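Enquirer: Input run_21.pdb, format and content: PDB, C-alpha atoms and all ligand atoms.
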```
ATOM      1  CA  MET A   1      48.893 122.634 -55.876
ATOM      2  CA  ALA A   2      50.139 123.614 -52.399
ATOM      3  CA  ASN A   3      48.344 120.552 -50.986
ATOM      4  CA  ALA A   4      49.836 118.201 -53.590
ATOM      5  CA  ILE A   5      52.138 115.680 -51.938
ATOM      6  CA  LEU A   6      55.150 116.421 -54.162
ATOM      7  CA  HIS A   7      54.696 120.215 -54.171
ATOM      8  CA  LYS A   8      58.077 121.921 -54.827
ATOM      9  CA  LYS A   9      59.908 118.573 -55.028
ATOM     10  CA  ARG A  10      62.531 118.002 -57.713
ATOM     11  CA  GLY A  11      62.690 114.586 -59.333
ATOM     12  CA  LEU A  12      64.664 112.582 -61.866
ATOM     13  CA  ILE A  13      62.887 109.744 -63.697
ATOM     14  CA  PHE A  14      64.830 106.984 -65.437
ATOM     15  CA  GLY A  15      63.175 104.496 -67.819
ATOM     16  CA  ALA A  16      60.127 105.949 -69.607
ATOM     17  CA  LEU A  17      60.210 104.426 -73.080
ATOM     18  CA  ASP A  18      56.601 104.481 -74.257
ATOM     19  CA  GLU A  19      53.107 104.937 -72.847
ATOM     20  CA  ARG A  20      53.114 101.471 -71.318
ATOM     21  CA  SER A  21      56.337 102.045 -69.316
ATOM     22  CA  ILE A  22      55.907 102.096 -65.563
ATOM     23  CA  ALA A  23      58.197 105.173 -65.497
ATOM     24  CA  TRP A  24      55.831 106.996 -67.890
ATOM     25  CA  HIS A  25      52.962 106.479 -65.420
ATOM     26  CA  VAL A  26      55.145 107.526 -62.480
ATOM     27  CA  ALA A  27      56.265 110.699 -64.298
ATOM     28  CA  THR A  28      52.653 111.626 -65.049
ATOM     29  CA  ARG A  29      51.579 111.086 -61.410
ATOM     30  CA  CYS A  30      54.556 113.113 -60.149
ATOM     31  CA  LEU A  31      53.420 116.065 -62.282
ATOM     32  CA  GLU A  32      49.850 115.723 -60.977
ATOM     33  CA  GLU A  33      51.276 115.901 -57.452
ATOM     34  CA  GLY A  34      53.138 119.143 -58.172
ATOM     35  CA  ALA A  35      56.716 117.957 -58.755
ATOM     36  CA  ASP A  36      59.245 119.410 -61.190
ATOM     37  CA  ILE A  37      60.910 116.576 -63.046
ATOM     38  CA  VAL A  38      63.616 115.717 -65.542
ATOM     39  CA  LEU A  39      63.270 112.655 -67.775
ATOM     40  CA  THR A  40      66.175 110.478 -68.844
ATOM     41  CA  ASN A  41      66.792 107.415 -70.987
ATOM     42  CA  THR A  42      69.517 106.133 -73.321
ATOM     43  CA  GLY A  43      70.178 107.959 -76.601
ATOM     44  CA  ASN A  44      68.815 104.928 -78.455
ATOM     45  CA  ALA A  45      65.607 104.815 -76.425
ATOM     46  CA  ILE A  46      65.096 108.544 -77.039
ATOM     47  CA  GLU A  47      65.521 107.980 -80.793
ATOM     48  CA  LEU A  48      63.455 104.797 -81.084
ATOM     49  CA  GLY A  49      60.931 105.150 -78.241
ATOM     50  CA  GLU A  50      58.232 107.729 -77.515
ATOM     51  CA  ILE A  51      59.729 109.527 -74.517
ATOM     52  CA  ARG A  52      60.241 112.699 -76.567
ATOM     53  CA  LYS A  53      56.440 112.877 -76.995
ATOM     54  CA  LEU A  54      55.975 112.875 -73.212
ATOM     55  CA  ALA A  55      58.699 115.511 -72.736
ATOM     56  CA  GLU A  56      57.188 117.791 -75.396
ATOM     57  CA  ALA A  57      53.578 117.333 -74.255
ATOM     58  CA  LYS A  58      54.449 118.224 -70.652
ATOM     59  CA  GLY A  59      57.304 120.671 -71.374
ATOM     60  CA  LEU A  60      59.864 118.566 -69.518
ATOM     61  CA  PRO A  61      63.649 118.527 -69.895
ATOM     62  CA  LEU A  62      64.896 115.263 -71.432
ATOM     63  CA  LEU A  63      68.519 114.198 -70.984
ATOM     64  CA  ALA A  64      70.255 111.208 -72.589
ATOM     65  CA  CYS A  65      72.177 108.922 -70.248
ATOM     66  CA  ASP A  66      73.307 105.313 -70.345
ATOM     67  CA  ALA A  67      72.804 104.290 -66.708
ATOM     68  CA  THR A  68      75.794 101.932 -66.865
ATOM     69  CA  ASP A  69      78.222 104.759 -67.707
ATOM     70  CA  VAL A  70      79.593 106.603 -64.668
ATOM     71  CA  ASN A  71      80.687 109.666 -66.642
ATOM     72  CA  GLN A  72      77.251 110.059 -68.194
ATOM     73  CA  ILE A  73      75.607 109.643 -64.776
ATOM     74  CA  ARG A  74      77.876 112.333 -63.300
ATOM     75  CA  VAL A  75      76.905 114.794 -66.055
ATOM     76  CA  LEU A  76      73.217 113.832 -65.756
ATOM     77  CA  LEU A  77      73.089 114.512 -62.000
ATOM     78  CA  LYS A  78      74.851 117.857 -62.420
ATOM     79  CA  LYS A  79      72.593 119.003 -65.294
ATOM     80  CA  THR A  80      69.454 117.835 -63.495
ATOM     81  CA  GLN A  81      70.291 120.005 -60.482
ATOM     82  CA  GLU A  82      71.007 122.990 -62.745
ATOM     83  CA  LEU A  83      67.713 122.541 -64.608
ATOM     84  CA  LEU A  84      65.636 122.063 -61.449
ATOM     85  CA  GLY A  85      67.447 124.739 -59.447
ATOM     86  CA  GLY A  86      68.667 122.659 -56.501
ATOM     87  CA  LYS A  87      69.391 119.234 -55.064
ATOM     88  CA  ILE A  88      67.282 116.315 -56.231
ATOM     89  CA  ASP A  89      64.473 115.196 -53.871
ATOM     90  CA  PHE A  90      63.589 111.912 -55.562
ATOM     91  CA  ILE A  91      64.794 109.481 -58.204
ATOM     92  CA  LEU A  92      62.928 106.670 -59.954
ATOM     93  CA  HIS A  93      65.219 103.926 -61.291
ATOM     94  CA  ALA A  94      63.060 101.898 -63.734
ATOM     95  CA  VAL A  95      65.882 100.387 -65.758
ATOM     96  CA  ALA A  96      66.239  96.766 -66.873
ATOM     97  CA  GLN A  97      67.234  94.643 -69.811
ATOM     98  CA  SER A  98      68.287  91.044 -70.463
ATOM     99  CA  VAL A  99      69.457  89.957 -73.892
ATOM    100  CA  ASN A 100      69.492  86.344 -72.668
ATOM    101  CA  LEU A 101      65.788  86.616 -71.886
ATOM    102  CA  ARG A 102      65.005  88.465 -75.091
ATOM    103  CA  ARG A 103      66.845  85.849 -77.176
ATOM    104  CA  HIS A 104      65.208  82.963 -75.270
ATOM    105  CA  LEU A 105      68.510  81.386 -74.196
ATOM    106  CA  PRO A 106      67.866  78.754 -71.509
ATOM    107  CA  TYR A 107      69.211  79.650 -68.043
ATOM    108  CA  GLU A 108      71.735  76.806 -68.013
ATOM    109  CA  ARG A 109      73.130  77.985 -71.354
ATOM    110  CA  VAL A 110      73.147  81.776 -71.051
ATOM    111  CA  ASN A 111      75.713  83.891 -72.855
ATOM    112  CA  TYR A 112      78.006  85.255 -70.108
ATOM    113  CA  GLU A 113      78.689  88.540 -71.875
ATOM    114  CA  TYR A 114      74.923  89.125 -71.995
ATOM    115  CA  PHE A 115      74.673  88.017 -68.350
ATOM    116  CA  LYS A 116      77.228  90.648 -67.284
ATOM    117  CA  ARG A 117      75.321  93.244 -69.291
ATOM    118  CA  THR A 118      72.032  92.219 -67.610
ATOM    119  CA  LEU A 119      73.582  92.779 -64.188
ATOM    120  CA  ASP A 120      75.257  96.027 -65.219
ATOM    121  CA  ILE A 121      72.071  97.538 -66.688
ATOM    122  CA  SER A 122      69.487  96.129 -64.297
ATOM    123  CA  SER A 123      71.351  96.168 -60.952
ATOM    124  CA  LEU A 124      74.761  97.870 -60.882
ATOM    125  CA  SER A 125      73.342 100.968 -62.578
ATOM    126  CA  LEU A 126      71.512 101.738 -59.309
ATOM    127  CA  HIS A 127      74.749 101.317 -57.338
ATOM    128  CA  LYS A 128      76.521 103.691 -59.728
ATOM    129  CA  ILE A 129      73.768 106.339 -59.543
ATOM    130  CA  LEU A 130      73.708 106.254 -55.732
ATOM    131  CA  SER A 131      77.467 106.167 -55.369
ATOM    132  CA  ILE A 132      77.925 109.218 -57.612
ATOM    133  CA  ALA A 133      74.972 111.041 -56.040
ATOM    134  CA  MET A 134      76.550 110.492 -52.617
ATOM    135  CA  ALA A 135      80.011 111.643 -53.699
ATOM    136  CA  GLU A 136      78.580 114.760 -55.367
ATOM    137  CA  ASP A 137      75.950 115.361 -52.658
ATOM    138  CA  ALA A 138      73.265 115.497 -55.362
ATOM    139  CA  ILE A 139      70.266 114.292 -53.299
ATOM    140  CA  ALA A 140      68.627 116.465 -50.636
ATOM    141  CA  GLU A 141      68.292 115.295 -47.000
ATOM    142  CA  TYR A 142      65.345 112.897 -46.662
ATOM    143  CA  GLY A 143      65.423 112.448 -50.433
ATOM    144  CA  SER A 144      63.823 109.270 -51.741
ATOM    145  CA  VAL A 145      65.105 106.783 -54.304
ATOM    146  CA  VAL A 146      62.799 104.062 -55.622
ATOM    147  CA  THR A 147      63.605 101.172 -57.914
ATOM    148  CA  LEU A 148      61.500  98.265 -59.192
ATOM    149  CA  SER A 149      61.698  94.534 -58.595
ATOM    150  CA  PHE A 150      59.766  91.396 -59.308
ATOM    151  CA  ILE A 151      58.966  88.407 -57.068
ATOM    152  CA  ALA A 152      61.206  86.160 -59.208
ATOM    153  CA  SER A 153      64.088  87.663 -57.186
ATOM    154  CA  GLU A 154      63.065  85.308 -54.362
ATOM    155  CA  ARG A 155      61.616  82.259 -56.092
ATOM    156  CA  PHE A 156      62.367  80.191 -59.130
ATOM    157  CA  MET A 157      60.264  81.338 -62.022
ATOM    158  CA  TYR A 158      60.280  79.442 -65.282
ATOM    159  CA  GLY A 159      61.636  81.530 -68.173
ATOM    160  CA  TYR A 160      62.642  84.652 -66.202
ATOM    161  CA  ASN A 161      66.278  83.710 -66.694
ATOM    162  CA  ASP A 162      69.182  85.928 -65.505
ATOM    163  CA  MET A 163      66.714  88.691 -64.673
ATOM    164  CA  SER A 164      65.918  86.741 -61.467
ATOM    165  CA  ASP A 165      69.572  87.102 -60.418
ATOM    166  CA  ALA A 166      69.590  90.761 -61.444
ATOM    167  CA  LYS A 167      66.550  91.511 -59.261
ATOM    168  CA  ALA A 168      68.025  89.643 -56.264
ATOM    169  CA  LEU A 169      71.194  91.732 -56.586
ATOM    170  CA  LEU A 170      69.170  94.920 -57.020
ATOM    171  CA  GLU A 171      67.247  94.229 -53.787
ATOM    172  CA  SER A 172      70.538  93.700 -51.967
ATOM    173  CA  ILE A 173      71.952  96.974 -53.315
ATOM    174  CA  VAL A 174      68.810  98.737 -52.034
ATOM    175  CA  ARG A 175      69.480  97.452 -48.499
ATOM    176  CA  GLN A 176      73.224  98.144 -48.534
ATOM    177  CA  MET A 177      73.134 101.578 -50.132
ATOM    178  CA  GLY A 178      69.998 102.437 -48.150
ATOM    179  CA  ALA A 179      71.924 101.885 -44.925
ATOM    180  CA  VAL A 180      74.978 103.863 -46.009
ATOM    181  CA  TYR A 181      73.079 106.769 -47.597
ATOM    182  CA  GLY A 182      70.569 106.805 -44.739
ATOM    183  CA  GLU A 183      73.287 107.272 -42.134
ATOM    184  CA  LYS A 184      75.130 109.806 -44.196
ATOM    185  CA  LYS A 185      72.291 112.010 -45.465
ATOM    186  CA  LYS A 186      68.977 110.477 -44.348
ATOM    187  CA  VAL A 187      68.330 109.533 -47.976
ATOM    188  CA  ARG A 188      65.785 106.695 -48.305
ATOM    189  CA  VAL A 189      66.197 103.826 -50.765
ATOM    190  CA  ASN A 190      63.287 101.421 -51.365
ATOM    191  CA  ILE A 191      62.236  98.877 -53.962
ATOM    192  CA  VAL A 192      58.704  98.137 -55.154
ATOM    193  CA  SER A 193      58.103  94.500 -56.093
ATOM    194  CA  GLN A 194      55.519  94.977 -58.812
ATOM    195  CA  SER A 195      52.943  92.620 -60.385
ATOM    196  CA  ALA A 196      53.464  91.416 -63.942
ATOM    197  CA  THR A 197      52.668  94.470 -66.089
ATOM    198  CA  HIS A 198      52.290  94.705 -69.865
ATOM    199  CA  THR A 199      55.253  96.844 -71.010
ATOM    200  CA  LYS A 200      58.076  96.394 -73.531
ATOM    201  CA  ALA A 201      60.287  94.760 -70.870
ATOM    202  CA  GLY A 202      57.412  92.714 -69.415
ATOM    203  CA  ASP A 203      56.215  91.435 -72.781
ATOM    204  CA  SER A 204      59.744  90.435 -73.867
ATOM    205  CA  TRP A 205      59.173  87.341 -71.721
ATOM    206  CA  ASP A 206      57.483  84.660 -73.875
ATOM    207  CA  GLU A 207      55.218  83.282 -71.159
ATOM    208  CA  MET A 208      53.942  86.688 -69.987
ATOM    209  CA  GLU A 209      50.375  86.179 -71.252
ATOM    210  CA  TYR A 210      49.897  82.931 -69.267
ATOM    211  CA  PHE A 211      51.693  84.258 -66.227
ATOM    212  CA  TYR A 212      49.580  87.412 -66.195
ATOM    213  CA  LYS A 213      46.398  85.312 -66.056
ATOM    214  CA  TYR A 214      47.927  83.019 -63.414
ATOM    215  CA  THR A 215      48.868  85.919 -61.107
ATOM    216  CA  GLU A 216      45.490  87.577 -61.654
ATOM    217  CA  ASP A 217      43.786  84.366 -60.490
ATOM    218  CA  LEU A 218      46.176  83.943 -57.574
ATOM    219  CA  SER A 219      46.047  87.538 -56.266
ATOM    220  CA  PRO A 220      43.244  88.224 -53.776
ATOM    221  CA  ILE A 221      43.006  91.834 -54.992
ATOM    222  CA  GLY A 222      44.132  91.138 -58.595
ATOM    223  CA  ASN A 223      47.252  92.304 -60.458
ATOM    224  CA  ALA A 224      48.518  95.818 -59.788
ATOM    225  CA  ASP A 225      48.862  97.854 -62.991
ATOM    226  CA  ALA A 226      51.317 100.639 -63.880
ATOM    227  CA  ASP A 227      49.026 103.324 -62.402
ATOM    228  CA  ASP A 228      48.848 101.428 -59.100
ATOM    229  CA  CYS A 229      52.644 101.252 -59.139
ATOM    230  CA  ALA A 230      52.865 104.992 -59.826
ATOM    231  CA  ASP A 231      50.685 105.701 -56.767
ATOM    232  CA  VAL A 232      53.022 103.651 -54.556
ATOM    233  CA  CYS A 233      56.126 105.359 -55.967
ATOM    234  CA  VAL A 234      54.665 108.847 -55.511
ATOM    235  CA  THR A 235      53.777 108.012 -51.897
ATOM    236  CA  LEU A 236      57.325 106.762 -51.298
ATOM    237  CA  PHE A 237      58.737 109.978 -52.773
ATOM    238  CA  SER A 238      56.557 112.063 -50.444
ATOM    239  CA  ASP A 239      57.252 113.178 -46.887
ATOM    240  CA  PHE A 240      54.576 110.732 -45.665
ATOM    241  CA  MET A 241      57.194 107.964 -45.904
ATOM    242  CA  LYS A 242      60.102 109.838 -44.298
ATOM    243  CA  LYS A 243      61.282 106.947 -42.139
ATOM    244  CA  VAL A 244      60.622 104.124 -44.589
ATOM    245  CA  THR A 245      63.863 102.873 -46.070
ATOM    246  CA  MET A 246      65.672  99.689 -47.222
ATOM    247  CA  GLN A 247      62.305  98.010 -47.778
ATOM    248  CA  THR A 248      60.916  95.754 -50.461
ATOM    249  CA  ILE A 249      57.290  96.842 -50.846
ATOM    250  CA  TYR A 250      55.002  94.333 -52.553
ATOM    251  CA  ASN A 251      52.559  95.974 -54.935
ATOM    252  CA  ASP A 252      51.108  92.704 -56.203
ATOM    253  CA  GLY A 253      47.498  92.381 -54.982
ATOM    254  CA  GLY A 254      48.659  89.848 -52.386
ATOM    255  CA  PHE A 255      50.082  87.376 -54.933
ATOM    256  CA  GLY A 256      53.369  86.883 -53.051
ATOM    257  CA  ARG A 257      51.515  85.808 -49.896
ATOM    258  CA  THR A 258      48.949  83.519 -51.472
ATOM    259  CA  MET A 259      49.019  79.756 -51.962
ATOM    260  CA  LEU A 260      45.528  79.190 -53.314
ATOM    261  CA  THR A 261      42.408  81.159 -54.199
ATOM    262  CA  GLU A 262      38.851  80.123 -54.981
ATOM    263  CA  LYS A 263      39.371  81.351 -58.567
ATOM    264  CA  VAL A 264      42.212  78.859 -59.088
ATOM    265  CA  ILE A 265      40.187  75.984 -57.598
ATOM    266  CA  ASN A 266      37.228  76.888 -59.820
ATOM    267  CA  SER A 267      39.360  76.935 -62.973
ATOM    268  CA  TYR A 268      40.809  73.480 -62.096
ATOM    269  CA  ARG A 269      37.307  72.245 -61.330
ATOM    270  CA  LYS A 270      36.141  73.376 -64.790
ATOM    271  CA  SER A 271      39.057  71.680 -66.583
ATOM    272  CA  PHE A 272      38.477  68.420 -64.598
ATOM    273  CA  GLU A 273      34.770  68.552 -65.462
ATOM    274  CA  ARG A 274      35.620  68.971 -69.177
ATOM    275  CA  LYS A 275      37.835  65.838 -69.001
ATOM    276  CA  ASP A 276      34.979  63.866 -67.388
ATOM    277  CA  ASP A 277      32.543  64.778 -70.231
TER     278      ASP A 277
HETATM  279  N1  LIG B 301      56.669  94.898 -66.665
HETATM  280  C1  LIG B 301      56.684  94.071 -65.634
HETATM  281  O1  LIG B 301      56.002  93.016 -65.603
HETATM  282  C2  LIG B 301      57.530  94.412 -64.433
HETATM  283  C3  LIG B 301      57.256  93.782 -63.187
HETATM  284  C4  LIG B 301      58.075  94.078 -62.100
HETATM  285  C5  LIG B 301      59.125  94.966 -62.251
HETATM  286  N2  LIG B 301      59.373  95.556 -63.461
HETATM  287  C6  LIG B 301      60.522  96.463 -63.584
HETATM  288  O2  LIG B 301      60.072  97.772 -63.884
HETATM  289  C7  LIG B 301      61.167  98.496 -64.464
HETATM  290  C8  LIG B 301      60.660  99.255 -65.688
HETATM  291  O3  LIG B 301      60.309  98.331 -66.705
HETATM  292  P1  LIG B 301      58.983  98.427 -67.572
HETATM  293  O4  LIG B 301      58.239  97.166 -67.324
HETATM  294  O5  LIG B 301      58.305  99.729 -67.363
HETATM  295  O6  LIG B 301      59.545  98.270 -69.063
HETATM  296  P2  LIG B 301      60.147  99.327 -70.103
HETATM  297  O7  LIG B 301      60.726  98.483 -71.199
HETATM  298  O8  LIG B 301      59.143 100.335 -70.479
HETATM  299  O9  LIG B 301      61.325 100.051 -69.275
HETATM  300  C9  LIG B 301      62.647  99.585 -69.200
HETATM  301  C10 LIG B 301      63.527 100.807 -69.414
HETATM  302  O10 LIG B 301      64.914 100.524 -69.170
HETATM  303  C11 LIG B 301      65.626 101.408 -70.045
HETATM  304  N3  LIG B 301      67.030 101.017 -70.176
HETATM  305  C12 LIG B 301      67.536  99.862 -70.683
HETATM  306  N4  LIG B 301      68.886  99.920 -70.678
HETATM  307  C13 LIG B 301      69.226 101.120 -70.148
HETATM  308  C14 LIG B 301      70.467 101.755 -69.868
HETATM  309  N5  LIG B 301      71.636 101.173 -70.139
HETATM  310  N6  LIG B 301      70.450 103.004 -69.322
HETATM  311  C15 LIG B 301      69.266 103.629 -69.046
HETATM  312  N7  LIG B 301      68.057 103.067 -69.271
HETATM  313  C16 LIG B 301      68.049 101.835 -69.831
HETATM  314  C17 LIG B 301      64.857 101.232 -71.357
HETATM  315  O11 LIG B 301      65.206 102.184 -72.336
HETATM  316  C18 LIG B 301      63.438 101.332 -70.864
HETATM  317  O12 LIG B 301      63.001 102.674 -70.843
HETATM  318  C19 LIG B 301      62.249  97.447 -64.766
HETATM  319  O13 LIG B 301      63.195  97.459 -63.716
HETATM  320  C20 LIG B 301      61.463  96.151 -64.736
HETATM  321  O14 LIG B 301      62.262  95.014 -64.465
HETATM  322  C21 LIG B 301      58.588  95.305 -64.549
END
```
Translate the structure of the given file into structure tokens.
Ligand SMILES: NC(=O)c1ccc[n+]([C@@H]2O[C@H](COP(=O)([O-])OP(=O)(O)OC[C@H]3O[C@@H](n4cnc5c(N)ncnc54)[C@H](O)[C@@H]3O)[C@@H](O)[C@H]2O)c1
Expert:
Amino acid sequence: MANAILHKKRGLIFGALDERSIAWHVATRCLEEGADIVLTNTGNAIELGEIRKLAEAKGLPLLACDATDVNQIRVLLKKTQELLGGKIDFILHAVAQSVNLRRHLPYERVNYEYFKRTLDISSLSLHKILSIAMAEDAIAEYGSVVTLSFIASERFMYGYNDMSDAKALLESIVRQMGAVYGEKKKVRVNIVSQSATHTKAGDSWDEMEYFYKYTEDLSPIGNADADDCADVCVTLFSDFMKKVTMQTIYNDGGFGRTMLTEKVINSYRKSFERKDD
């Protein structure tokens, strides 16, 4: 284990709900790389999801916390340090939810109370975690914080709704807090822009099945799955990425940089040929 890249590192993982969750895959990879970790999710998610199974199978502490509630975050950071025996070396923020998206409300007719909740859960929660961690000096020097985005933060994407705004704000918070925390404590803050991935959050979007196929065809290397994302996160947590901060890192098989692939042309060619028959 001494050669493992997270040997002796202490981590806090937000957002594992079930086996499909990106955070579940990240937690598992962190353990393989020698880290000691604490898992957290909301009380509801702990009751209704499968995170308890992961905690019990791996013997991990599991703490309830609503990531929008500053008092709960304060307690969580304190307890995590007590359980792990020191300052936190890395945090994964894999937290998102949009009721507007889940209820299929069109973007021009969203419910504003839901919209505020989307931003609070999916974006401001990261600000709150970092702000409290900074005030309480909860993260070790050169610690690493990683959160997760999606390319719809930068481009219009049909059906992604207020989550596009939430991801744009989240990316901005990464840059701003990354600068402040970096100067203060050399803490790194980065965001991984991940391919479409089949999870509870991902599949709550109606058009996911079509989009998944579309991005697979338009990515030179193909979609990145949750395990690929976990590898990137673990590398970002490690000391190999000590000077990488405030970055959006695209783990998307090249999708974000691609206009056209041979696969897409071939599928159009086939559908044109069918019409000609
Ligand atoms: N699945 C995809 O296609 C995809 C693509 C790019 C980025 N992402 C991002 O990855 C992250 C993880 O999502 P996932 O796809 O693994 O889905 P998921 O549904 O497994 O995870 C979302 C998590 O957010 C948690 N959560 C919701 N409200 C919370 C709150 N108030 N406090 C604390 N936790 C709360 C949920 O309980 C759940 O565990 C999200 O930020 C998501 O937007 C997902």
Enquirer: So how many Å separate atom CA of Ile129 of chain A and atom CA of Asp66 of chain A, to one decimal?
Expert: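 So the two atoms, atom CA of Ile129 of chain A and atom CA of Asp66 of chain A, lie 10.9 Å apart.
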Enquirer: Contacts of segment 150-152 of chain A at 10 Å or less, counting all atoms listed in the file, minus same-chain residues fewer than 5 places along, as a CSV table (one decimal) with C-alpha atoms, in the frame of the given file?
Expert:
```csv
chain,number,residue,atom,x,y,z
A,157,MET,CA,60.3,81.3,-62.0
A,158,TYR,CA,60.3,79.4,-65.3
A,160,TYR,CA,62.6,84.7,-66.2
A,161,ASN,CA,66.3,83.7,-66.7
A,163,MET,CA,66.7,88.7,-64.7
A,164,SER,CA,65.9,86.7,-61.5
A,165,ASP,CA,69.6,87.1,-60.4
A,166,ALA,CA,69.6,90.8,-61.4
A,167,LYS,CA,66.6,91.5,-59.3
A,168,ALA,CA,68.0,89.6,-56.3
A,171,GLU,CA,67.2,94.2,-53.8
A,191,ILE,CA,62.2,98.9,-54.0
A,192,VAL,CA,58.7,98.1,-55.2
A,193,SER,CA,58.1,94.5,-56.1
A,194,GLN,CA,55.5,95.0,-58.8
A,195,SER,CA,52.9,92.6,-60.4
A,196,ALA,CA,53.5,91.4,-63.9
A,248,THR,CA,60.9,95.8,-50.5
A,250,TYR,CA,55.0,94.3,-52.6
A,251,ASN,CA,52.6,96.0,-54.9
A,252,ASP,CA,51.1,92.7,-56.2
A,255,PHE,CA,50.1,87.4,-54.9
A,256,GLY,CA,53.4,86.9,-53.1
```
Enquirer: Run the PyMOL selection byres (((chain A and resi 113-120) around 12) and not hetatm) against the file shown and list the residues it catches, as number ranges by chain.
Expert: A: 66-70, 95-112, 121-129, 161-170, 173
Enquirer: Edge lengths and centre in Å to one decimal, as AutoDock Vina command-line options, of the axis-aligned box that encloses all listed atoms of ligand LIG 301 (chain B) with 5 Å added on every side?
Expert:
```
--center_x 63.8 --center_y 98.3 --center_z -67.2 --size_x 25.6 --size_y 20.6 --size_z 20.2
```
Enquirer: Using the chain letters and numbering of this document, enumerate as a CSV table (one decimal) with C-alpha atoms, in the coordinates of the input the residues selected by the PyMOL selection byres (((chain A and resi 253) around 7) and not hetatm).
Expert:
```
chain,number,residue,atom,x,y,z
A,219,SER,CA,46.0,87.5,-56.3
A,220,PRO,CA,43.2,88.2,-53.8
A,221,ILE,CA,43.0,91.8,-55.0
A,222,GLY,CA,44.1,91.1,-58.6
A,223,ASN,CA,47.3,92.3,-60.5
A,224,ALA,CA,48.5,95.8,-59.8
A,251,ASN,CA,52.6,96.0,-54.9
A,252,ASP,CA,51.1,92.7,-56.2
A,254,GLY,CA,48.7,89.8,-52.4
A,255,PHE,CA,50.1,87.4,-54.9
```
Enquirer: Give the answer as one residue: which of A:Glu183, A:Asp231, A:Glu19, A:Glu32 has the shortest atom-to-atom distance to ligand LIG 301 (chain B), using only C-alpha atoms and all ligand atoms?
Expert: A:Glu19
Enquirer: Find the distance between atom CA of Cys65 of chain A and atom CA of Ile37 of chain A and write it in Å to one decimal.
Expert: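 Atom CA of Ile37 of chain A lies at a distance of 15.4 Å from atom CA of Cys65 of chain A.
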Enquirer: Applied to the shown file, which residues does the PyMOL selection byres (((chain A and resi 73-89) around 10) and not hetatm) return, written as a VMD selection string?
Expert: chain A and resid 6 8 to 12 35 to 40 61 to 72 90 to 91 125 128 to 130 132 to 133 135 to 145 187 237 to 238
Enquirer: May I ask for the distance between atom CA of Ala16 of chain A and atom CA of Asp203 of chain A, given in Å to one decimal place?
Expert: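 Answer for the atom CA of Ala16 of chain A to atom CA of Asp203 of chain A separation: 15.4 Å.
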Enquirer: Using only C-alpha atoms and all ligand atoms for the distances, tell me which of A:Asp239, A:Asp18, A:Glu47, A:Asp276 is nearest to ligand LIG 301 (chain B).
Expert: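 Smallest distance to ligand LIG 301 (chain B) is found for A:Asp18.
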Enquirer: For a quick check of understanding, using all atoms listed in the file, which of A:Val232, A:Met246, A:Met259, A:Ala226 has the smallest distance to Gln176 of chain A?
Expert: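 The answer is A:Met246, which sits nearest to Gln176 of chain A.
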Enquirer: Taking all atoms listed in the file into account, name the residue in A:Arg20, A:His25, A:Arg269, A:Lys243 that is nearest to Leu92 of chain A.
Expert: A:His25
Enquirer: List the neighbours of Gly15 of chain A out to 8 Å using only C-alpha atoms; skip same-chain residues closer than 4 positions along the sequence, and give me the result as a CSV table (one decimal) with C-alpha atoms, in the frame of the given file.
Expert:
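Produced file around24.csv, reproduced below:
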```
chain,number,residue,atom,x,y,z
A,21,SER,CA,56.3,102.0,-69.3
A,22,ILE,CA,55.9,102.1,-65.6
A,23,ALA,CA,58.2,105.2,-65.5
A,24,TRP,CA,55.8,107.0,-67.9
A,40,THR,CA,66.2,110.5,-68.8
A,41,ASN,CA,66.8,107.4,-71.0
A,93,HIS,CA,65.2,103.9,-61.3
A,94,ALA,CA,63.1,101.9,-63.7
A,95,VAL,CA,65.9,100.4,-65.8
```
Enquirer: At a cut-off of 10 Å, using all atoms listed in the file, what residues contact Asn3 of chain A? Leave out same-chain residues fewer than 3 positions from it and give the result as JSON, numbers by chain.
Expert: {"A": [6, 7, 33, 34]}
Enquirer: Smallest atom-to-atom distance to ligand LIG 301 (chain B): which of A:Lys58, A:Lys185, A:Arg52, A:His198, using all atoms listed in the file?
Expert: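 Once distances to ligand LIG 301 (chain B) are computed over all atoms listed in the file, the minimum belongs to A:His198.
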Enquirer: For Glu262 of chain A, work out the shell of residues within 10 Å, counting all atoms listed in the file and skipping chain neighbours fewer than 6 positions away, then give it as a list in words.
Expert: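 Close residues of Glu262 of chain A: Asp217, Leu218, Pro220 and Tyr268 of chain A.
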Enquirer: Taking into account all atoms listed in the file, which residue in the set A:Leu31, A:Ile51, A:Leu148, A:Leu60 is nearest to ligand LIG 301 (chain B)?
Expert: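 Nearest candidate to ligand LIG 301 (chain B) out of A:Leu31, A:Ile51, A:Leu148, A:Leu60: A:Leu148.
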Enquirer: Ser267 of chain A: which residues within 12 Å, counting only C-alpha atoms, same-chain residues fewer than 4 positions away excluded, as a PyMOL selection string?
Expert: chain A and resi 213-214+217-218+260-263+271-274
